[in-house]
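Peer 1: Below is a structure I'd like to ask you about.
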Amino acid sequence: MKIFQREQRSLFGEILDWMLTPLLLLWPVSLVLTWLVAQGIAGKPFDRALEYNVAALAQLVTVNQNKAQFVLPLPARELLRADDTDTVYYQVLGTSGEYLNGEKNLPLPPEDERLAPGEVRIRDDEFRGMAIKVAYTWVKLDVPNSKPALVQVAETMDKRALLATEIVKGVMLPQFVILPLAVLLVWLALVQAIKPLNHLEERIRARSPDDLSPLDAQAVPIEVVPLVSSVNDLLMRLKDSIATQKRFLADAAHQLKTPLAGLRMQADLAQREGANAEDLKQSLRQIGRSSIRATHTVNQLLALARAESSGTAMSQQPCNLVRLTMDVIRDCVPRAMDKHIDIGYEGAEQGSDDTVLMGNPTLLKEMVRNLMDNAINYTPSNADKPGMITARILKDPFSKVLVLQVEDSGPGIPPVERELVFQPFYRVLGTEADGSGLGLPIVLEIARQHNATVSIEDRRPRPSPPGPCFTARFAQSDKAPSQRRHQPQS
């Protein structure tokens with residue numbers, strides 16, 4: 001149980017509690033132990049005095065006509081009665097247990113106990129309702145066929161208790177001064193020890209909002225270094241995130257500026273004097289194309305933001321990658337037919353259990369759709385020489401890798417630009433296809449969310465033109481097989 005309770009936890013209070021609570025709880029335990037030890041210490045000198053008195057009285061037991069005899073001189077009797085605090089009793093019994101002198105009713109030793117003659121032993125007993133300490137011994141006399149005589153000296157225990165109390169007072173009373181002083185010293189030590197944290201707080205509060213530089217880990221205690229390192233790591237990630245957002249907003253504004261400027265220009269042309277109906281229709285067609293391009297750019301921006309914000313909150317379920325790919329292909333068929341593109345699928349069958357992976361079906365579908373849209377946009381095709389786009393799902397049961405490939409008969413991507421195309425708004429030079437440069441960054445982000453890798457290669461065998469082949473490799477988990485057995489087939 002803690003001594004100091006607070007509504008809000010405090011590091012200073014926690015340390016103070018854990019230091020003072022054992023101290024205050026051990027203090028009464030120390031008091032009890034001190035009392036027990038003091039009683040043992042206080043009793044030793046009085047026990048030795050009893051042993052001396054018993055030995056002295058034992059020497060006064062003599063034999064007269066084959067009978068035990070005890071004569072106590074008056075000075076010795078007065079010495080036994082001279083204590084003002086305690087009462088001293090004695091008893092002497094003969095060889096046959098007959099009473100010789102002293103107190104007749106003094107308790108006897110245990111009957112089954114027989115000491116060696118001359119050995120003195122001390123026991124606790126009770127006499128006339130009072131606790132007493134008894135020292136006794138057996139005296140061997142020169143009497144034929146007789147038992148040893150018994151000599152006992154008993155004393156009340158008031159002096160012992162008084163001395164034990166004085167010892168306890170002498171030990172414990174200084175602790176009433178030492179204990180508050182110890183609490184004060186602990187308090188001051190904690191105040192001094194907590195100062196580096198206060199200095200760290202002051203340095204953080206004094207920073208400007210745009211200062212994301214790392215904190216100095218050398219200026220804090222070693223116990224706080226992991227905390228400072230974690231804060232520095234957070235600051236670096238926050239700095240990178242802010243830089244990415246600024247770059248992203250700048251690129252987005254630049255990309256939206258072009259279609260918006262086209263919309264304004266076409267609106268001005270439609271409103272000029274002398275414009276005929278054909279010019280007006282042409283302007284409206286350009287406005288329509290610009291609005292479609294702007295809408296596509298905004299949709300891509302939203303898709304990229306949705307993919308980046310999924311993170312750990314992304315809900316996962318068993319997904320059949322073949323079924324998702326076939327759905328996207330069916331959606332892309334009308335657009336491919338308008339461009340005279342031959343679009344097809346190869347690879348694993350739709351009902352195969354080995355094509356199931358854990359993921360988010362919406363994001364995976366968006367990933368495949370962007371790969372297909374990218375292929376349709378950059379594949380030259382006409383009625384005389386149609387282009388070709390092929391999607392594949394391949395499986396490797398040994399390495400548990402599921403592969404998605406999308407290849408087309410386009411001009412291909414030079415090796416030096418294959419990493420650049422995954423950056424937002426980057427487009428290969430020399431292409432005239434409409435696009436925002438966001439499709440492949442969306443693909444890369446969704447792949448990262450699913451622990452997959454994306455690479456670009458040339459088609460195999462190498463035709464002319466080579467055409468790009470986008471490959472996404474998914475590492476299948478061990479959970480997927482047991483879960484996909486229960487997935488309904490459509």
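Residue names in the structure tokens use chain letters A, B, ... in the order shown, residue numbers from 1 in each chain, and ligand numbers from 1 in the order shown.
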Excluding Ile122 in chain A and residues on its chain fewer than 3 positions from it, collect all residues at most 12 Å away from it, counting only C-alpha atoms, and give them as a list in words.

Peer 2: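 What passes the distance filter is Gly43, Lys44, Phe46, Asp47, Arg48, Ala49, Leu50, Glu51, Tyr52, Val54, Pro109, Leu115, Glu119, Asp125, Ile132, Lys133, Val134, Ala135, Tyr136, Thr137, Val151, Gln152, Val153, Ala154 and Glu155 of chain A.
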
Peer 1: Residues near Pro214 in chain A, anyone? I mean within 7 Å using only C-alpha atoms, not counting same-chain ones fewer than 2 positions away, as a list in words.

Peer 2: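 Residues near the query, excluding close chain neighbours: Leu212, Asp216, Asn232 and Leu235 of chain A.
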
Peer 1: Next, the residues of the selection above should be written as an mmCIF file, in the first residue's frame with N, CA and C atoms.

Peer 2:
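Saved file again-v2.cif follows:
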data_model
loop_
_atom_site.group_PDB
_atom_site.id
_atom_site.type_symbol
_atom_site.label_atom_id
_atom_site.label_comp_id
_atom_site.auth_asym_id
_atom_site.auth_seq_id
_atom_site.Cartn_x
_atom_site.Cartn_y
_atom_site.Cartn_z
ATOM 1 N N LEU A 212 12.899 20.716 -35.266
ATOM 2 C CA LEU A 212 12.776 19.269 -35.118
ATOM 3 C C LEU A 212 14.141 18.588 -35.042
ATOM 4 N N ASP A 216 19.917 16.541 -27.298
ATOM 5 C CA ASP A 216 21.258 16.121 -26.907
ATOM 6 C C ASP A 216 21.139 15.013 -25.858
ATOM 7 N N ASN A 232 13.967 11.419 -30.143
ATOM 8 C CA ASN A 232 14.732 11.812 -31.336
ATOM 9 C C ASN A 232 14.286 11.028 -32.563
ATOM 10 N N LEU A 235 11.098 12.522 -33.644
ATOM 11 C CA LEU A 235 11.319 13.815 -34.312
ATOM 12 C C LEU A 235 11.820 13.622 -35.741
#

Peer 1: Just checking: using only C-alpha atoms, which residue out of A:Pro441, A:Gly387, A:Gly13, A:Gly347 ends up closest to Glu419 in chain A?

Peer 2: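 Closest residue, counting only C-alpha atoms: A:Pro441.
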
Peer 1: Would you kindly return, as a PDB file with C-alpha atoms, in the first residue's frame, each protein, DNA or RNA residue with an atom no farther than 10 Å from any atom of Ser315 in chain A, considering only C-alpha atoms and excluding same-chain residues fewer than 5 positions away?

Peer 2:
ATOM      1  CA  SER A 310      -3.789   2.453 -43.791  1.00  0.00           C
ATOM      2  CA  MET A 358      -4.041 -12.171 -46.058  1.00  0.00           C
ATOM      3  CA  GLY A 359      -4.667  -8.573 -47.030  1.00  0.00           C
ATOM      4  CA  ASN A 360      -7.103  -5.777 -47.663  1.00  0.00           C
ATOM      5  CA  PRO A 361      -9.226  -6.590 -50.750  1.00  0.00           C
TER       6      PRO A 361
END

Peer 1: I'd like the neighbourhood of Ala193 in chain A as a PyMOL selection string, where a residue qualifies if any of its atoms comes within 10 Å (using only C-alpha atoms), though same-chain residues fewer than 5 positions away should be ignored.

Peer 2: chain A and resi 12+187-188+198+221

Peer 1: Using only C-alpha atoms, please write the residues we just selected to a file, as a PDB file, in the first residue's frame.

Peer 2:
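Done, and the output landed in result_5.pdb:
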ATOM      1  CA  PHE A  12       8.775  11.956  -8.083  1.00  0.00           C
ATOM      2  CA  TRP A 187      13.045  14.319  -0.290  1.00  0.00           C
ATOM      3  CA  LEU A 188      15.961  16.674  -0.942  1.00  0.00           C
ATOM      4  CA  ASN A 198      13.209  19.489 -15.361  1.00  0.00           C
ATOM      5  CA  PRO A 221      21.263  10.843 -17.100  1.00  0.00           C
TER       6      PRO A 221
END

Peer 1: Near range 464-467 of chain A, counting only C-alpha atoms, which residues have an atom at most 6 Å away, once you skip same-chain residues fewer than 5 positions from it, shown as a VMD selection string?

Peer 2: chain A and resid 408 to 412 458 to 459

Peer 1: For all heavy atoms, I'd like the residues from the last selection saved as an mmCIF file, in the first residue's frame.

Peer 2:
data_model
loop_
_atom_site.group_PDB
_atom_site.id
_atom_site.type_symbol
_atom_site.label_atom_id
_atom_site.label_comp_id
_atom_site.auth_asym_id
_atom_site.auth_seq_id
_atom_site.Cartn_x
_atom_site.Cartn_y
_atom_site.Cartn_z
ATOM 1 N N ASP A 408 3.080 -5.423 -70.774
ATOM 2 C CA ASP A 408 2.417 -4.864 -71.963
ATOM 3 C C ASP A 408 3.435 -4.743 -73.083
ATOM 4 O O ASP A 408 4.636 -4.954 -72.891
ATOM 5 C CB ASP A 408 1.790 -3.506 -71.632
ATOM 6 C CG ASP A 408 2.809 -2.494 -71.144
ATOM 7 O OD1 ASP A 408 3.633 -2.045 -71.955
ATOM 8 O OD2 ASP A 408 2.787 -2.151 -69.926
ATOM 9 N N SER A 409 2.928 -4.388 -74.241
ATOM 10 C CA SER A 409 3.777 -4.274 -75.437
ATOM 11 C C SER A 409 4.180 -2.841 -75.697
ATOM 12 O O SER A 409 4.400 -2.445 -76.844
ATOM 13 C CB SER A 409 3.026 -4.843 -76.661
ATOM 14 O OG SER A 409 1.797 -4.142 -76.855
ATOM 15 N N GLY A 410 4.256 -2.029 -74.637
ATOM 16 C CA GLY A 410 4.637 -0.640 -74.780
ATOM 17 C C GLY A 410 6.117 -0.464 -75.022
ATOM 18 O O GLY A 410 6.863 -1.433 -75.205
ATOM 19 N N PRO A 411 6.580 0.782 -74.985
ATOM 20 C CA PRO A 411 7.990 1.067 -75.288
ATOM 21 C C PRO A 411 8.947 0.635 -74.187
ATOM 22 O O PRO A 411 10.156 0.597 -74.398
ATOM 23 C CB PRO A 411 8.012 2.586 -75.472
ATOM 24 C CG PRO A 411 6.857 3.074 -74.657
ATOM 25 C CD PRO A 411 5.796 2.016 -74.759
ATOM 26 N N GLY A 412 8.438 0.313 -73.026
ATOM 27 C CA GLY A 412 9.319 -0.096 -71.935
ATOM 28 C C GLY A 412 9.836 1.081 -71.124
ATOM 29 O O GLY A 412 9.591 2.248 -71.456
ATOM 30 N N ASP A 458 12.145 -6.308 -68.223
ATOM 31 C CA ASP A 458 11.686 -6.392 -69.607
ATOM 32 C C ASP A 458 10.912 -7.684 -69.812
ATOM 33 O O ASP A 458 11.115 -8.664 -69.083
ATOM 34 C CB ASP A 458 12.879 -6.344 -70.572
ATOM 35 C CG ASP A 458 13.548 -4.977 -70.566
ATOM 36 O OD1 ASP A 458 12.844 -3.983 -70.276
ATOM 37 O OD2 ASP A 458 14.765 -4.925 -70.815
ATOM 38 N N ARG A 459 10.048 -7.680 -70.798
ATOM 39 C CA ARG A 459 9.291 -8.904 -71.102
ATOM 40 C C ARG A 459 10.237 -10.009 -71.562
ATOM 41 O O ARG A 459 11.287 -9.768 -72.137
ATOM 42 C CB ARG A 459 8.274 -8.630 -72.209
ATOM 43 C CG ARG A 459 7.054 -7.866 -71.765
ATOM 44 C CD ARG A 459 5.958 -7.961 -72.818
ATOM 45 N NE ARG A 459 6.374 -7.413 -74.101
ATOM 46 C CZ ARG A 459 5.705 -7.569 -75.240
ATOM 47 N NH1 ARG A 459 4.578 -8.262 -75.252
ATOM 48 N NH2 ARG A 459 6.148 -7.036 -76.361
#

Peer 1: Go ahead and compute the interatomic distance for CA of Leu402 in chain A and CA of Ala447 in chain A, in Å to one decimal.

Peer 2: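 Going from CA of Leu402 in chain A over to CA of Ala447 in chain A, I get 12.4 Å.
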
Peer 1: With only C-alpha atoms as the counted atoms, please give the residues lying no more than 8 Å from range 61-66 of chain A, apart from itself and same-chain residues fewer than 2 positions off, as a JSON list (two decimals) with N, CA, C and O atoms, in the first residue's frame.

Peer 2:
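Saved result, out-v9.json, follows:
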[["chain", "number", "residue", "atom", "x", "y", "z"],
["A", 57, "LEU", "N", 24.10, -21.35, 47.72],
["A", 57, "LEU", "CA", 23.23, -22.08, 48.64],
["A", 57, "LEU", "C", 23.53, -23.58, 48.61],
["A", 57, "LEU", "O", 23.39, -24.27, 49.63],
["A", 58, "ALA", "N", 23.93, -24.07, 47.44],
["A", 58, "ALA", "CA", 24.23, -25.51, 47.34],
["A", 58, "ALA", "C", 25.40, -25.88, 48.23],
["A", 58, "ALA", "O", 25.48, -27.01, 48.75],
["A", 59, "GLN", "N", 26.33, -24.96, 48.48],
["A", 59, "GLN", "CA", 27.47, -25.26, 49.33],
["A", 59, "GLN", "C", 27.09, -25.33, 50.81],
["A", 59, "GLN", "O", 27.85, -25.86, 51.64],
["A", 68, "ALA", "N", 20.29, -35.06, 55.21],
["A", 68, "ALA", "CA", 20.62, -33.76, 54.62],
["A", 68, "ALA", "C", 20.26, -32.67, 55.60],
["A", 68, "ALA", "O", 19.23, -32.72, 56.28],
["A", 69, "GLN", "N", 21.11, -31.64, 55.65],
["A", 69, "GLN", "CA", 20.89, -30.53, 56.58],
["A", 69, "GLN", "C", 21.26, -29.23, 55.86],
["A", 69, "GLN", "O", 22.22, -29.16, 55.11],
["A", 70, "PHE", "N", 20.44, -28.18, 56.10],
["A", 70, "PHE", "CA", 20.71, -26.88, 55.47],
["A", 70, "PHE", "C", 20.56, -25.80, 56.52],
["A", 70, "PHE", "O", 19.50, -25.69, 57.17],
["A", 71, "VAL", "N", 21.61, -25.01, 56.68],
["A", 71, "VAL", "CA", 21.60, -23.90, 57.64],
["A", 71, "VAL", "C", 21.98, -22.64, 56.88],
["A", 71, "VAL", "O", 23.07, -22.56, 56.30],
["A", 139, "VAL", "N", 22.11, -31.45, 44.29],
["A", 139, "VAL", "CA", 23.35, -31.56, 45.06],
["A", 139, "VAL", "C", 23.51, -33.01, 45.50],
["A", 139, "VAL", "O", 22.63, -33.57, 46.18],
["A", 141, "LEU", "N", 24.87, -35.78, 47.80],
["A", 141, "LEU", "CA", 25.36, -35.88, 49.17],
["A", 141, "LEU", "C", 25.89, -37.28, 49.46],
["A", 141, "LEU", "O", 25.50, -38.25, 48.81],
["A", 142, "ASP", "N", 26.74, -37.36, 50.46],
["A", 142, "ASP", "CA", 27.35, -38.64, 50.82],
["A", 142, "ASP", "C", 26.43, -39.39, 51.77],
["A", 142, "ASP", "O", 26.72, -39.58, 52.96],
["A", 143, "VAL", "N", 25.27, -39.80, 51.20],
["A", 143, "VAL", "CA", 24.28, -40.56, 51.96],
["A", 143, "VAL", "C", 23.98, -41.81, 51.17],
["A", 143, "VAL", "O", 23.62, -41.72, 49.98],
["A", 144, "PRO", "N", 24.14, -43.01, 51.83],
["A", 144, "PRO", "CA", 23.92, -44.25, 51.06],
["A", 144, "PRO", "C", 22.47, -44.34, 50.54],
["A", 144, "PRO", "O", 21.53, -43.98, 51.24]]

Peer 1: So which one's closest to Leu179 in chain A, A:Leu23, A:Ile167, A:Asn101, A:Lys400? Using only C-alpha atoms, please.

Peer 2: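 Of A:Leu23, A:Ile167, A:Asn101, A:Lys400, the one nearest Leu179 in chain A, counting only C-alpha atoms, is A:Leu23.
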
Peer 1: Tell me which of A:Ala348, A:Val168, A:Leu93, A:Ala189 sits closest to Leu16 in chain A, counting only C-alpha atoms.

Peer 2: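 When distances to Leu16 in chain A are compared using only C-alpha atoms, the smallest one comes from A:Ala189.
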
Peer 1: Which of these, A:Lys339, A:Glu103, A:Pro174, A:Leu363, has the shortest distance to Ile376 in chain A once you count only C-alpha atoms?

Peer 2: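 Closest to Ile376 in chain A, using only C-alpha atoms: A:Lys339.
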
Peer 1: Write down as an MDAnalysis selection string the residues of range 208-422 of chain A whose backbone DSSP state falls under alpha helix (DSSP H).

Peer 2: chainID A and resid 225:270 277:310 321:338 361:378

Peer 1: I need the residues in range 35-269 of chain A that are strand (DSSP E) according to DSSP; give them as a PyMOL selection string.

Peer 2: chain A and resi 61-63+68-70+88-93+99-102+120-127+130-139+149-156

Peer 1: Considering only C-alpha atoms, return as a list of chain:residue names whatever protein or nucleic-acid residues lie within 9 Å of Leu324 in chain A, sequence-local ones (same chain, fewer than 5 positions apart) excluded.

Peer 2: A:Cys319, A:Ile329, A:Pro361, A:Leu364, A:Lys365, A:Val368

Peer 1: Would you write out those residues with C-alpha atoms, as a JSON list (two decimals), in the first residue's frame?

Peer 2:
[["chain", "number", "residue", "atom", "x", "y", "z"],
["A", 319, "CYS", "CA", -8.13, -12.57, -50.40],
["A", 329, "ILE", "CA", -9.59, -7.21, -65.96],
["A", 361, "PRO", "CA", -9.23, -6.59, -50.75],
["A", 364, "LEU", "CA", -5.21, -5.04, -53.46],
["A", 365, "LYS", "CA", -7.86, -4.34, -56.11],
["A", 368, "VAL", "CA", -4.03, -4.29, -59.69]]

Peer 1: For Asn374 in chain A, which of A:Ser30, A:Leu440, A:Ala161, A:Glu278 is the closest residue, counting only C-alpha atoms?

Peer 2: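 Among the listed residues, A:Leu440 lies closest to Asn374 in chain A.
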